[in-house]
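Asks: Below you'll find final.cif; it's mmCIF, N, CA and C atoms.
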```
data_model
#
loop_
_atom_site.label_atom_id
_atom_site.label_comp_id
_atom_site.auth_asym_id
_atom_site.auth_seq_id
_atom_site.Cartn_x
_atom_site.Cartn_y
_atom_site.Cartn_z
N MET A 1 117.92 78.08 -214.07
CA MET A 1 116.93 77.06 -214.39
C MET A 1 117.31 76.36 -215.69
N GLN A 2 117.30 75.06 -215.66
CA GLN A 2 117.63 74.29 -216.85
C GLN A 2 116.41 74.18 -217.76
N ARG A 3 116.63 74.39 -219.02
CA ARG A 3 115.53 74.30 -219.99
C ARG A 3 115.22 72.85 -220.31
N GLN A 4 113.95 72.62 -220.56
CA GLN A 4 113.49 71.31 -220.99
C GLN A 4 113.92 71.09 -222.44
N HIS A 5 114.35 69.90 -222.75
CA HIS A 5 114.66 69.54 -224.14
C HIS A 5 113.60 68.57 -224.62
N TYR A 6 113.09 68.82 -225.80
CA TYR A 6 112.00 68.02 -226.35
C TYR A 6 112.49 67.22 -227.55
N ALA A 7 111.88 66.06 -227.75
CA ALA A 7 112.22 65.22 -228.91
C ALA A 7 111.75 65.90 -230.18
N ALA A 8 112.55 65.77 -231.22
CA ALA A 8 112.22 66.39 -232.51
C ALA A 8 110.85 65.95 -233.00
N ALA A 9 110.51 64.68 -232.82
CA ALA A 9 109.21 64.17 -233.28
C ALA A 9 108.06 64.84 -232.53
N ASP A 10 108.25 65.10 -231.24
CA ASP A 10 107.21 65.76 -230.45
C ASP A 10 107.03 67.22 -230.88
N LEU A 11 108.13 67.88 -231.18
CA LEU A 11 108.04 69.27 -231.66
C LEU A 11 107.39 69.34 -233.03
N ALA A 12 107.73 68.42 -233.91
CA ALA A 12 107.09 68.38 -235.23
C ALA A 12 105.59 68.11 -235.08
N ALA A 13 105.22 67.23 -234.15
CA ALA A 13 103.80 66.94 -233.89
C ALA A 13 103.09 68.19 -233.37
N LEU A 14 103.76 68.96 -232.52
CA LEU A 14 103.18 70.21 -232.04
C LEU A 14 102.96 71.17 -233.21
N GLY A 15 103.90 71.22 -234.13
CA GLY A 15 103.73 72.07 -235.31
C GLY A 15 102.52 71.67 -236.13
N ARG A 16 102.31 70.38 -236.29
CA ARG A 16 101.13 69.90 -237.03
C ARG A 16 99.84 70.22 -236.27
N GLU A 17 99.86 70.06 -234.95
CA GLU A 17 98.68 70.37 -234.14
C GLU A 17 98.39 71.87 -234.17
N TRP A 18 99.44 72.69 -234.18
CA TRP A 18 99.28 74.14 -234.25
C TRP A 18 98.54 74.52 -235.54
N ILE A 19 98.95 73.92 -236.65
CA ILE A 19 98.28 74.16 -237.94
C ILE A 19 96.83 73.70 -237.87
N ALA A 20 96.59 72.49 -237.34
CA ALA A 20 95.23 71.95 -237.25
C ALA A 20 94.35 72.84 -236.36
N ALA A 21 94.91 73.32 -235.26
CA ALA A 21 94.14 74.19 -234.35
C ALA A 21 93.73 75.47 -235.07
N TRP A 22 94.64 76.09 -235.79
CA TRP A 22 94.30 77.31 -236.53
C TRP A 22 93.26 77.02 -237.60
N ASN A 23 93.41 75.92 -238.30
CA ASN A 23 92.45 75.59 -239.36
C ASN A 23 91.07 75.24 -238.82
N SER A 24 90.99 74.88 -237.55
CA SER A 24 89.69 74.58 -236.92
C SER A 24 88.91 75.87 -236.60
N HIS A 25 89.62 76.99 -236.57
CA HIS A 25 89.04 78.29 -236.18
C HIS A 25 88.49 78.25 -234.75
N ASP A 26 88.98 77.33 -233.94
CA ASP A 26 88.57 77.19 -232.54
C ASP A 26 89.60 77.91 -231.68
N LEU A 27 89.27 79.12 -231.27
CA LEU A 27 90.21 79.96 -230.54
C LEU A 27 90.69 79.30 -229.25
N GLU A 28 89.81 78.63 -228.53
CA GLU A 28 90.21 77.99 -227.27
C GLU A 28 91.16 76.82 -227.53
N ARG A 29 90.99 76.12 -228.64
CA ARG A 29 91.92 75.04 -229.01
C ARG A 29 93.30 75.62 -229.28
N ILE A 30 93.35 76.75 -229.95
CA ILE A 30 94.64 77.41 -230.22
C ILE A 30 95.27 77.85 -228.90
N LEU A 31 94.51 78.56 -228.09
CA LEU A 31 95.03 79.10 -226.84
C LEU A 31 95.48 78.00 -225.88
N ALA A 32 94.90 76.82 -225.96
CA ALA A 32 95.29 75.71 -225.09
C ALA A 32 96.75 75.30 -225.33
N LEU A 33 97.30 75.64 -226.48
CA LEU A 33 98.69 75.31 -226.79
C LEU A 33 99.68 76.28 -226.13
N TYR A 34 99.17 77.39 -225.59
CA TYR A 34 100.00 78.47 -225.08
C TYR A 34 99.99 78.54 -223.56
N ALA A 35 101.11 78.99 -223.01
CA ALA A 35 101.22 79.26 -221.57
C ALA A 35 100.38 80.50 -221.23
N GLU A 36 99.96 80.60 -219.97
CA GLU A 36 99.15 81.75 -219.53
C GLU A 36 99.86 83.08 -219.78
N ASP A 37 101.19 83.08 -219.61
CA ASP A 37 101.96 84.32 -219.76
C ASP A 37 102.68 84.40 -221.11
N ALA A 38 102.17 83.67 -222.09
CA ALA A 38 102.81 83.65 -223.40
C ALA A 38 102.87 85.04 -224.01
N GLU A 39 103.87 85.23 -224.85
CA GLU A 39 103.95 86.47 -225.61
C GLU A 39 104.04 86.15 -227.09
N MET A 40 103.47 87.05 -227.88
CA MET A 40 103.41 86.88 -229.33
C MET A 40 103.90 88.17 -229.97
N THR A 41 104.78 88.03 -230.96
CA THR A 41 105.31 89.17 -231.69
C THR A 41 105.00 89.01 -233.17
N SER A 42 104.47 90.08 -233.77
CA SER A 42 104.15 90.06 -235.19
C SER A 42 103.99 91.47 -235.71
N ASP A 43 104.38 91.68 -236.95
CA ASP A 43 104.14 92.99 -237.57
C ASP A 43 102.65 93.24 -237.75
N LYS A 44 101.84 92.19 -237.75
CA LYS A 44 100.39 92.34 -237.87
C LYS A 44 99.79 93.00 -236.62
N ILE A 45 100.43 92.82 -235.47
CA ILE A 45 99.98 93.46 -234.23
C ILE A 45 100.08 94.98 -234.39
N VAL A 46 101.18 95.42 -234.97
CA VAL A 46 101.38 96.85 -235.23
C VAL A 46 100.38 97.31 -236.28
N ALA A 47 100.25 96.55 -237.37
CA ALA A 47 99.36 96.94 -238.48
C ALA A 47 97.91 97.09 -238.02
N LEU A 48 97.50 96.27 -237.06
CA LEU A 48 96.12 96.35 -236.55
C LEU A 48 95.97 97.43 -235.47
N GLY A 49 97.06 98.10 -235.13
CA GLY A 49 97.00 99.16 -234.14
C GLY A 49 96.84 98.66 -232.72
N LEU A 50 97.25 97.42 -232.45
CA LEU A 50 97.04 96.84 -231.13
C LEU A 50 98.16 97.18 -230.15
N ASP A 51 99.39 97.26 -230.62
CA ASP A 51 100.51 97.63 -229.76
C ASP A 51 101.67 98.03 -230.66
N ALA A 52 102.21 99.21 -230.43
CA ALA A 52 103.28 99.74 -231.27
C ALA A 52 104.56 98.91 -231.19
N SER A 53 104.72 98.14 -230.09
CA SER A 53 105.92 97.31 -229.94
C SER A 53 105.86 96.07 -230.82
N GLY A 54 104.65 95.70 -231.24
CA GLY A 54 104.49 94.47 -232.01
C GLY A 54 104.41 93.22 -231.16
N THR A 55 104.37 93.37 -229.85
CA THR A 55 104.33 92.22 -228.94
C THR A 55 103.14 92.34 -227.99
N LEU A 56 102.40 91.25 -227.86
CA LEU A 56 101.31 91.15 -226.89
C LEU A 56 101.68 90.08 -225.88
N ARG A 57 101.22 90.26 -224.63
CA ARG A 57 101.56 89.31 -223.56
C ARG A 57 100.30 88.84 -222.85
N GLY A 58 100.26 87.54 -222.58
CA GLY A 58 99.16 86.95 -221.84
C GLY A 58 98.03 86.48 -222.73
N LYS A 59 97.34 85.44 -222.27
CA LYS A 59 96.28 84.83 -223.08
C LYS A 59 95.13 85.79 -223.39
N ASP A 60 94.81 86.71 -222.47
CA ASP A 60 93.71 87.63 -222.74
C ASP A 60 94.02 88.51 -223.95
N GLN A 61 95.26 89.00 -224.02
CA GLN A 61 95.63 89.82 -225.17
C GLN A 61 95.69 88.98 -226.45
N LEU A 62 96.20 87.76 -226.34
CA LEU A 62 96.24 86.88 -227.52
C LEU A 62 94.83 86.56 -228.00
N ARG A 63 93.91 86.30 -227.07
CA ARG A 63 92.52 86.02 -227.42
C ARG A 63 91.91 87.20 -228.19
N MET A 64 92.14 88.41 -227.70
CA MET A 64 91.62 89.61 -228.36
C MET A 64 92.21 89.75 -229.77
N TYR A 65 93.50 89.57 -229.91
CA TYR A 65 94.19 89.70 -231.20
C TYR A 65 93.68 88.66 -232.19
N TRP A 66 93.63 87.42 -231.77
CA TRP A 66 93.25 86.36 -232.70
C TRP A 66 91.76 86.38 -233.00
N SER A 67 90.94 86.84 -232.06
CA SER A 67 89.51 87.02 -232.36
C SER A 67 89.34 88.02 -233.49
N LYS A 68 90.10 89.10 -233.39
CA LYS A 68 90.06 90.13 -234.44
C LYS A 68 90.54 89.56 -235.77
N ALA A 69 91.58 88.76 -235.73
CA ALA A 69 92.10 88.15 -236.96
C ALA A 69 91.05 87.27 -237.62
N PHE A 70 90.34 86.47 -236.83
CA PHE A 70 89.29 85.61 -237.40
C PHE A 70 88.14 86.44 -237.97
N GLN A 71 87.83 87.57 -237.35
CA GLN A 71 86.78 88.44 -237.88
C GLN A 71 87.21 89.03 -239.22
N LEU A 72 88.46 89.47 -239.30
CA LEU A 72 88.95 90.10 -240.52
C LEU A 72 89.24 89.09 -241.63
N LEU A 73 89.57 87.85 -241.25
CA LEU A 73 89.95 86.82 -242.22
C LEU A 73 89.12 85.56 -242.01
N PRO A 74 87.84 85.59 -242.36
CA PRO A 74 86.98 84.43 -242.11
C PRO A 74 87.39 83.18 -242.88
N ASN A 75 88.17 83.33 -243.95
CA ASN A 75 88.63 82.18 -244.73
C ASN A 75 90.05 81.77 -244.37
N LEU A 76 90.56 82.24 -243.24
CA LEU A 76 91.93 81.93 -242.83
C LEU A 76 92.16 80.43 -242.88
N HIS A 77 93.27 80.05 -243.51
CA HIS A 77 93.63 78.64 -243.62
C HIS A 77 95.14 78.55 -243.82
N PHE A 78 95.76 77.60 -243.14
CA PHE A 78 97.20 77.39 -243.25
C PHE A 78 97.48 76.01 -243.83
N ASP A 79 98.42 75.95 -244.76
CA ASP A 79 98.92 74.68 -245.29
C ASP A 79 100.37 74.52 -244.85
N LEU A 80 100.63 73.45 -244.11
CA LEU A 80 101.97 73.19 -243.59
C LEU A 80 102.92 72.88 -244.74
N ILE A 81 104.07 73.54 -244.75
CA ILE A 81 105.14 73.23 -245.70
C ILE A 81 106.17 72.35 -245.01
N ASP A 82 106.63 72.77 -243.81
CA ASP A 82 107.62 71.98 -243.09
C ASP A 82 107.75 72.49 -241.67
N THR A 83 108.44 71.73 -240.83
CA THR A 83 108.76 72.15 -239.47
C THR A 83 110.27 72.03 -239.28
N TYR A 84 110.80 72.93 -238.46
CA TYR A 84 112.22 72.95 -238.11
C TYR A 84 112.28 72.97 -236.58
N VAL A 85 113.18 72.18 -236.01
CA VAL A 85 113.20 72.05 -234.55
C VAL A 85 114.56 72.36 -233.96
N SER A 86 114.52 72.80 -232.70
CA SER A 86 115.70 72.91 -231.84
C SER A 86 115.32 72.19 -230.55
N PRO A 87 116.17 72.15 -229.56
CA PRO A 87 115.79 71.42 -228.35
C PRO A 87 114.53 71.92 -227.65
N ASP A 88 114.20 73.24 -227.77
CA ASP A 88 113.03 73.75 -227.05
C ASP A 88 112.13 74.62 -227.92
N SER A 89 112.25 74.49 -229.24
CA SER A 89 111.40 75.30 -230.10
C SER A 89 111.14 74.60 -231.43
N VAL A 90 110.11 75.10 -232.09
CA VAL A 90 109.78 74.61 -233.43
C VAL A 90 109.45 75.83 -234.29
N VAL A 91 109.89 75.79 -235.53
CA VAL A 91 109.50 76.79 -236.51
C VAL A 91 108.55 76.09 -237.47
N VAL A 92 107.35 76.65 -237.58
CA VAL A 92 106.33 76.10 -238.46
C VAL A 92 106.34 76.96 -239.73
N PHE A 93 106.72 76.33 -240.84
CA PHE A 93 106.77 77.01 -242.12
C PHE A 93 105.50 76.63 -242.87
N TYR A 94 104.70 77.64 -243.23
CA TYR A 94 103.40 77.37 -243.82
C TYR A 94 103.03 78.43 -244.84
N GLN A 95 101.99 78.13 -245.58
CA GLN A 95 101.41 79.08 -246.54
C GLN A 95 99.99 79.37 -246.11
N ASN A 96 99.62 80.66 -246.14
CA ASN A 96 98.25 81.00 -245.75
C ASN A 96 97.32 81.00 -246.96
N GLU A 97 96.06 81.32 -246.71
CA GLU A 97 95.02 81.26 -247.75
C GLU A 97 95.25 82.27 -248.87
N ARG A 98 96.09 83.25 -248.64
CA ARG A 98 96.39 84.26 -249.67
C ARG A 98 97.67 83.95 -250.42
N GLY A 99 98.30 82.81 -250.10
CA GLY A 99 99.52 82.40 -250.80
C GLY A 99 100.81 82.90 -250.17
N ALA A 100 100.71 83.66 -249.07
CA ALA A 100 101.92 84.14 -248.39
C ALA A 100 102.57 83.00 -247.62
N GLN A 101 103.89 82.93 -247.67
CA GLN A 101 104.63 81.95 -246.90
C GLN A 101 105.16 82.62 -245.64
N ILE A 102 104.96 81.96 -244.51
CA ILE A 102 105.26 82.52 -243.19
C ILE A 102 105.99 81.47 -242.36
N CYS A 103 106.91 81.94 -241.53
CA CYS A 103 107.55 81.08 -240.53
C CYS A 103 107.11 81.55 -239.16
N GLU A 104 106.58 80.64 -238.39
CA GLU A 104 106.13 80.94 -237.04
C GLU A 104 107.09 80.25 -236.08
N TYR A 105 107.79 81.05 -235.30
CA TYR A 105 108.74 80.55 -234.31
C TYR A 105 108.00 80.35 -233.00
N LEU A 106 108.07 79.15 -232.44
CA LEU A 106 107.35 78.82 -231.21
C LEU A 106 108.32 78.19 -230.21
N ARG A 107 108.60 78.91 -229.11
CA ARG A 107 109.47 78.38 -228.06
C ARG A 107 108.60 77.89 -226.92
N LEU A 108 108.94 76.70 -226.39
CA LEU A 108 108.15 76.06 -225.34
C LEU A 108 108.71 76.33 -223.95
N ASP A 109 107.82 76.26 -222.97
CA ASP A 109 108.25 76.35 -221.57
C ASP A 109 108.50 74.93 -221.05
N GLU A 110 108.78 74.82 -219.77
CA GLU A 110 109.10 73.52 -219.18
C GLU A 110 107.91 72.57 -219.13
N ARG A 111 106.69 73.09 -219.33
CA ARG A 111 105.50 72.25 -219.33
C ARG A 111 105.06 71.86 -220.74
N GLY A 112 105.81 72.29 -221.74
CA GLY A 112 105.47 71.96 -223.12
C GLY A 112 104.45 72.90 -223.75
N LYS A 113 104.20 74.03 -223.10
CA LYS A 113 103.29 75.05 -223.64
C LYS A 113 104.13 76.11 -224.37
N ILE A 114 103.53 76.73 -225.36
CA ILE A 114 104.23 77.77 -226.10
C ILE A 114 104.32 79.01 -225.21
N ARG A 115 105.53 79.46 -224.94
CA ARG A 115 105.72 80.64 -224.10
C ARG A 115 106.10 81.86 -224.91
N GLN A 116 106.59 81.63 -226.12
CA GLN A 116 107.01 82.74 -226.97
C GLN A 116 106.74 82.37 -228.42
N GLY A 117 106.06 83.25 -229.11
CA GLY A 117 105.79 83.05 -230.52
C GLY A 117 106.17 84.28 -231.31
N SER A 118 106.58 84.06 -232.55
CA SER A 118 106.94 85.17 -233.42
C SER A 118 106.59 84.79 -234.84
N ALA A 119 105.72 85.58 -235.46
CA ALA A 119 105.36 85.37 -236.86
C ALA A 119 106.37 86.13 -237.72
N ASN A 120 107.02 85.43 -238.62
CA ASN A 120 108.06 86.03 -239.45
C ASN A 120 107.63 85.97 -240.92
N HIS A 121 107.49 87.16 -241.49
CA HIS A 121 107.02 87.31 -242.88
C HIS A 121 108.19 87.73 -243.76
N LEU A 122 108.08 87.47 -245.06
CA LEU A 122 109.11 87.93 -245.99
C LEU A 122 109.27 89.44 -245.88
N ALA A 123 110.50 89.91 -246.04
CA ALA A 123 110.79 91.33 -245.88
C ALA A 123 110.29 92.18 -247.03
N HIS A 124 109.98 91.58 -248.15
CA HIS A 124 109.54 92.39 -249.31
C HIS A 124 108.06 92.33 -249.52
#
```
What does the file become when written as structure tokens?

Replies:
Amino acid sequence: MQRQHYAAADLAALGREWIAAWNSHDLERILALYAEDAEMTSDKIVALGLDASGTLRGKDQLRMYWSKAFQLLPNLHFDLIDTYVSPDSVVVFYQNERGAQICEYLRLDERGKIRQGSANHLAH
């Protein structure tokens, strides 16, 4: 199967919309950006005791994870620093409300939905 290639401007726009969706605290707006079978990987998944692998699959699991995140972090807010693109993915580089800088890797499927996400935090 040939992968879809997306214009850099469209991927950067998706990165900005991803930030706006998170800052809205509207879980359904966030989930609308993701494919039904999307998977998300983060060390926070392990830290919250949700899955030892650090990866959750499917919108139901993502909904549960992010609902918990909003409960634990009611002041959650992201400030976009920059976006980096490839033909089928965007890395959203941002700072959260606690001052941590994070890179979120988002790979798209053929319909333009996020099929794979990975939150990447500094190693120290």

Asks: Taking all atoms listed in the file into account, name the residue in A:Phe78, A:Thr41, A:Arg98, A:Arg16 that is nearest to A:Ser53.

Replies: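 The shortest atom-to-atom distance to A:Ser53 comes from A:Thr41.
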
Asks: Compare A:Tyr94, A:Leu27, A:Glu39, A:Gly99 by their minimum atom-to-atom distance to A:Ser67, counting all atoms listed in the file, and give me the closest one.

Replies: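 Under the stated criterion, the closest residue is A:Leu27.
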
Asks: Using DSSP on the backbone coordinates, identify all residues within chain A classified as helix (DSSP H, G or I); present the result as a VMD selection string.

Replies: chain A and resid 8 to 24 27 to 31 43 to 47 59 to 72

Asks: Have a look at atom CA of A:Asp51 and atom C of A:Asp37 and let me know their distance in Å, one decimal.

Replies: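 Answer for the atom CA of A:Asp51 to atom C of A:Asp37 separation: 16.0 Å.
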
Asks: Find the residues around A:Glu110 up to 12 Å (only C-alpha atoms counted), leave out those fewer than 3 positions away in its own chain, and share them as a ChimeraX atom specification.

Replies: /A:1-6,34-35,87-89,107,113-115

Asks: Calculate how many Å separate atom CA of A:Ala13 from atom CA of A:Thr83, rounding to one decimal.

Replies: 9.1 Å

Asks: Counting all atoms listed in the file, which of A:Val91, A:Val46, A:Leu56, A:Leu73 gets nearest to A:Leu11?

Replies: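 Counting all atoms listed in the file, the residue closest to A:Leu11 is A:Val91.
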
Asks: For atom N of A:Leu106 and atom C of A:Ala12, quote the distance in Å rounded to one decimal.

Replies: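 Straight-line distance from atom N of A:Leu106 to atom C of A:Ala12 works out to 11.6 Å.
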
Asks: Select from chain A everything DSSP, run on the backbone, classes as strand (DSSP E or B), then give the selection as a ChimeraX atom specification.

Replies: /A:34-41,55-57,78-86,89-96,101-108,114-121

Asks: Output the selection as a short mmCIF file (atom, residue, chain, number, x, y, z; two decimals), in the frame of the given file - N, CA and C atoms for each residue.

Replies:
```cif
data_model
loop_
_atom_site.label_atom_id
_atom_site.label_comp_id
_atom_site.auth_asym_id
_atom_site.auth_seq_id
_atom_site.Cartn_x
_atom_site.Cartn_y
_atom_site.Cartn_z
N TYR A 34 99.17 77.39 -225.59
CA TYR A 34 100.00 78.47 -225.08
C TYR A 34 99.99 78.54 -223.56
N ALA A 35 101.11 78.99 -223.01
CA ALA A 35 101.22 79.26 -221.57
C ALA A 35 100.38 80.50 -221.23
N GLU A 36 99.96 80.60 -219.97
CA GLU A 36 99.15 81.75 -219.53
C GLU A 36 99.86 83.08 -219.78
N ASP A 37 101.19 83.08 -219.61
CA ASP A 37 101.96 84.32 -219.76
C ASP A 37 102.68 84.40 -221.11
N ALA A 38 102.17 83.67 -222.09
CA ALA A 38 102.81 83.65 -223.40
C ALA A 38 102.87 85.04 -224.01
N GLU A 39 103.87 85.23 -224.85
CA GLU A 39 103.95 86.47 -225.61
C GLU A 39 104.04 86.15 -227.09
N MET A 40 103.47 87.05 -227.88
CA MET A 40 103.41 86.88 -229.33
C MET A 40 103.90 88.17 -229.97
N THR A 41 104.78 88.03 -230.96
CA THR A 41 105.31 89.17 -231.69
C THR A 41 105.00 89.01 -233.17
N THR A 55 104.37 93.37 -229.85
CA THR A 55 104.33 92.22 -228.94
C THR A 55 103.14 92.34 -227.99
N LEU A 56 102.40 91.25 -227.86
CA LEU A 56 101.31 91.15 -226.89
C LEU A 56 101.68 90.08 -225.88
N ARG A 57 101.22 90.26 -224.63
CA ARG A 57 101.56 89.31 -223.56
C ARG A 57 100.30 88.84 -222.85
N PHE A 78 95.76 77.60 -243.14
CA PHE A 78 97.20 77.39 -243.25
C PHE A 78 97.48 76.01 -243.83
N ASP A 79 98.42 75.95 -244.76
CA ASP A 79 98.92 74.68 -245.29
C ASP A 79 100.37 74.52 -244.85
N LEU A 80 100.63 73.45 -244.11
CA LEU A 80 101.97 73.19 -243.59
C LEU A 80 102.92 72.88 -244.74
N ILE A 81 104.07 73.54 -244.75
CA ILE A 81 105.14 73.23 -245.70
C ILE A 81 106.17 72.35 -245.01
N ASP A 82 106.63 72.77 -243.81
CA ASP A 82 107.62 71.98 -243.09
C ASP A 82 107.75 72.49 -241.67
N THR A 83 108.44 71.73 -240.83
CA THR A 83 108.76 72.15 -239.47
C THR A 83 110.27 72.03 -239.28
N TYR A 84 110.80 72.93 -238.46
CA TYR A 84 112.22 72.95 -238.11
C TYR A 84 112.28 72.97 -236.58
N VAL A 85 113.18 72.18 -236.01
CA VAL A 85 113.20 72.05 -234.55
C VAL A 85 114.56 72.36 -233.96
N SER A 86 114.52 72.80 -232.70
CA SER A 86 115.70 72.91 -231.84
C SER A 86 115.32 72.19 -230.55
N SER A 89 112.25 74.49 -229.24
CA SER A 89 111.40 75.30 -230.10
C SER A 89 111.14 74.60 -231.43
N VAL A 90 110.11 75.10 -232.09
CA VAL A 90 109.78 74.61 -233.43
C VAL A 90 109.45 75.83 -234.29
N VAL A 91 109.89 75.79 -235.53
CA VAL A 91 109.50 76.79 -236.51
C VAL A 91 108.55 76.09 -237.47
N VAL A 92 107.35 76.65 -237.58
CA VAL A 92 106.33 76.10 -238.46
C VAL A 92 106.34 76.96 -239.73
N PHE A 93 106.72 76.33 -240.84
CA PHE A 93 106.77 77.01 -242.12
C PHE A 93 105.50 76.63 -242.87
N TYR A 94 104.70 77.64 -243.23
CA TYR A 94 103.40 77.37 -243.82
C TYR A 94 103.03 78.43 -244.84
N GLN A 95 101.99 78.13 -245.58
CA GLN A 95 101.41 79.08 -246.54
C GLN A 95 99.99 79.37 -246.11
N ASN A 96 99.62 80.66 -246.14
CA ASN A 96 98.25 81.00 -245.75
C ASN A 96 97.32 81.00 -246.96
N GLN A 101 103.89 82.93 -247.67
CA GLN A 101 104.63 81.95 -246.90
C GLN A 101 105.16 82.62 -245.64
N ILE A 102 104.96 81.96 -244.51
CA ILE A 102 105.26 82.52 -243.19
C ILE A 102 105.99 81.47 -242.36
N CYS A 103 106.91 81.94 -241.53
CA CYS A 103 107.55 81.08 -240.53
C CYS A 103 107.11 81.55 -239.16
N GLU A 104 106.58 80.64 -238.39
CA GLU A 104 106.13 80.94 -237.04
C GLU A 104 107.09 80.25 -236.08
N TYR A 105 107.79 81.05 -235.30
CA TYR A 105 108.74 80.55 -234.31
C TYR A 105 108.00 80.35 -233.00
N LEU A 106 108.07 79.15 -232.44
CA LEU A 106 107.35 78.82 -231.21
C LEU A 106 108.32 78.19 -230.21
N ARG A 107 108.60 78.91 -229.11
CA ARG A 107 109.47 78.38 -228.06
C ARG A 107 108.60 77.89 -226.92
N LEU A 108 108.94 76.70 -226.39
CA LEU A 108 108.15 76.06 -225.34
C LEU A 108 108.71 76.33 -223.95
N ILE A 114 103.53 76.73 -225.36
CA ILE A 114 104.23 77.77 -226.10
C ILE A 114 104.32 79.01 -225.21
N ARG A 115 105.53 79.46 -224.94
CA ARG A 115 105.72 80.64 -224.10
C ARG A 115 106.10 81.86 -224.91
N GLN A 116 106.59 81.63 -226.12
CA GLN A 116 107.01 82.74 -226.97
C GLN A 116 106.74 82.37 -228.42
N GLY A 117 106.06 83.25 -229.11
CA GLY A 117 105.79 83.05 -230.52
C GLY A 117 106.17 84.28 -231.31
N SER A 118 106.58 84.06 -232.55
CA SER A 118 106.94 85.17 -233.42
C SER A 118 106.59 84.79 -234.84
N ALA A 119 105.72 85.58 -235.46
CA ALA A 119 105.36 85.37 -236.86
C ALA A 119 106.37 86.13 -237.72
N ASN A 120 107.02 85.43 -238.62
CA ASN A 120 108.06 86.03 -239.45
C ASN A 120 107.63 85.97 -240.92
N HIS A 121 107.49 87.16 -241.49
CA HIS A 121 107.02 87.31 -242.88
C HIS A 121 108.19 87.73 -243.76
#
```

Asks: From the set A:Val85, A:Val90, A:Arg29, A:Ala38, which residue has the shortest atom-to-atom contact distance to A:Gln116, counting all atoms listed in the file?

Replies: A:Ala38

Asks: Between A:Ile19, A:Val92, A:Leu33, A:Leu50, which residue has the minimum interatomic distance to A:Gly112, considering only N, CA and C atoms?

Replies: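 Residue with the minimum atom-to-atom distance to A:Gly112: A:Leu33.
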
Asks: Because some atoms of stretch 47-58 of chain A are absent here, can you restore N, CA, C and O atoms and send them as a compact mmCIF listing (two decimals), in the coordinates of the input?

Replies:
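What follows is the written file selection.txt:
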```
# COMPACT_ATOMS: atom_id res chain seq x y z
N ALA A 47 100.25 96.55 -237.37
CA ALA A 47 99.36 96.94 -238.48
C ALA A 47 97.91 97.09 -238.02
O ALA A 47 97.19 97.95 -238.53
N LEU A 48 97.50 96.27 -237.06
CA LEU A 48 96.12 96.35 -236.55
C LEU A 48 95.97 97.43 -235.47
O LEU A 48 94.87 97.62 -234.94
N GLY A 49 97.06 98.10 -235.13
CA GLY A 49 97.00 99.16 -234.14
C GLY A 49 96.84 98.66 -232.72
O GLY A 49 96.36 99.39 -231.84
N LEU A 50 97.25 97.42 -232.45
CA LEU A 50 97.04 96.84 -231.13
C LEU A 50 98.16 97.18 -230.15
O LEU A 50 97.90 97.34 -228.96
N ASP A 51 99.39 97.26 -230.62
CA ASP A 51 100.51 97.63 -229.76
C ASP A 51 101.67 98.03 -230.66
O ASP A 51 102.08 97.25 -231.51
N ALA A 52 102.21 99.21 -230.43
CA ALA A 52 103.28 99.74 -231.27
C ALA A 52 104.56 98.91 -231.19
O ALA A 52 105.37 98.92 -232.11
N SER A 53 104.72 98.14 -230.09
CA SER A 53 105.92 97.31 -229.94
C SER A 53 105.86 96.07 -230.82
O SER A 53 106.88 95.45 -231.08
N GLY A 54 104.65 95.70 -231.24
CA GLY A 54 104.49 94.47 -232.01
C GLY A 54 104.41 93.22 -231.16
O GLY A 54 104.35 92.12 -231.69
N THR A 55 104.37 93.37 -229.85
CA THR A 55 104.33 92.22 -228.94
C THR A 55 103.14 92.34 -227.99
O THR A 55 102.92 93.40 -227.41
N LEU A 56 102.40 91.25 -227.86
CA LEU A 56 101.31 91.15 -226.89
C LEU A 56 101.68 90.08 -225.88
O LEU A 56 102.36 89.10 -226.21
N ARG A 57 101.22 90.26 -224.63
CA ARG A 57 101.56 89.31 -223.56
C ARG A 57 100.30 88.84 -222.85
O ARG A 57 99.43 89.64 -222.53
N GLY A 58 100.26 87.54 -222.58
CA GLY A 58 99.16 86.95 -221.84
C GLY A 58 98.03 86.48 -222.73
O GLY A 58 97.80 87.03 -223.81
```
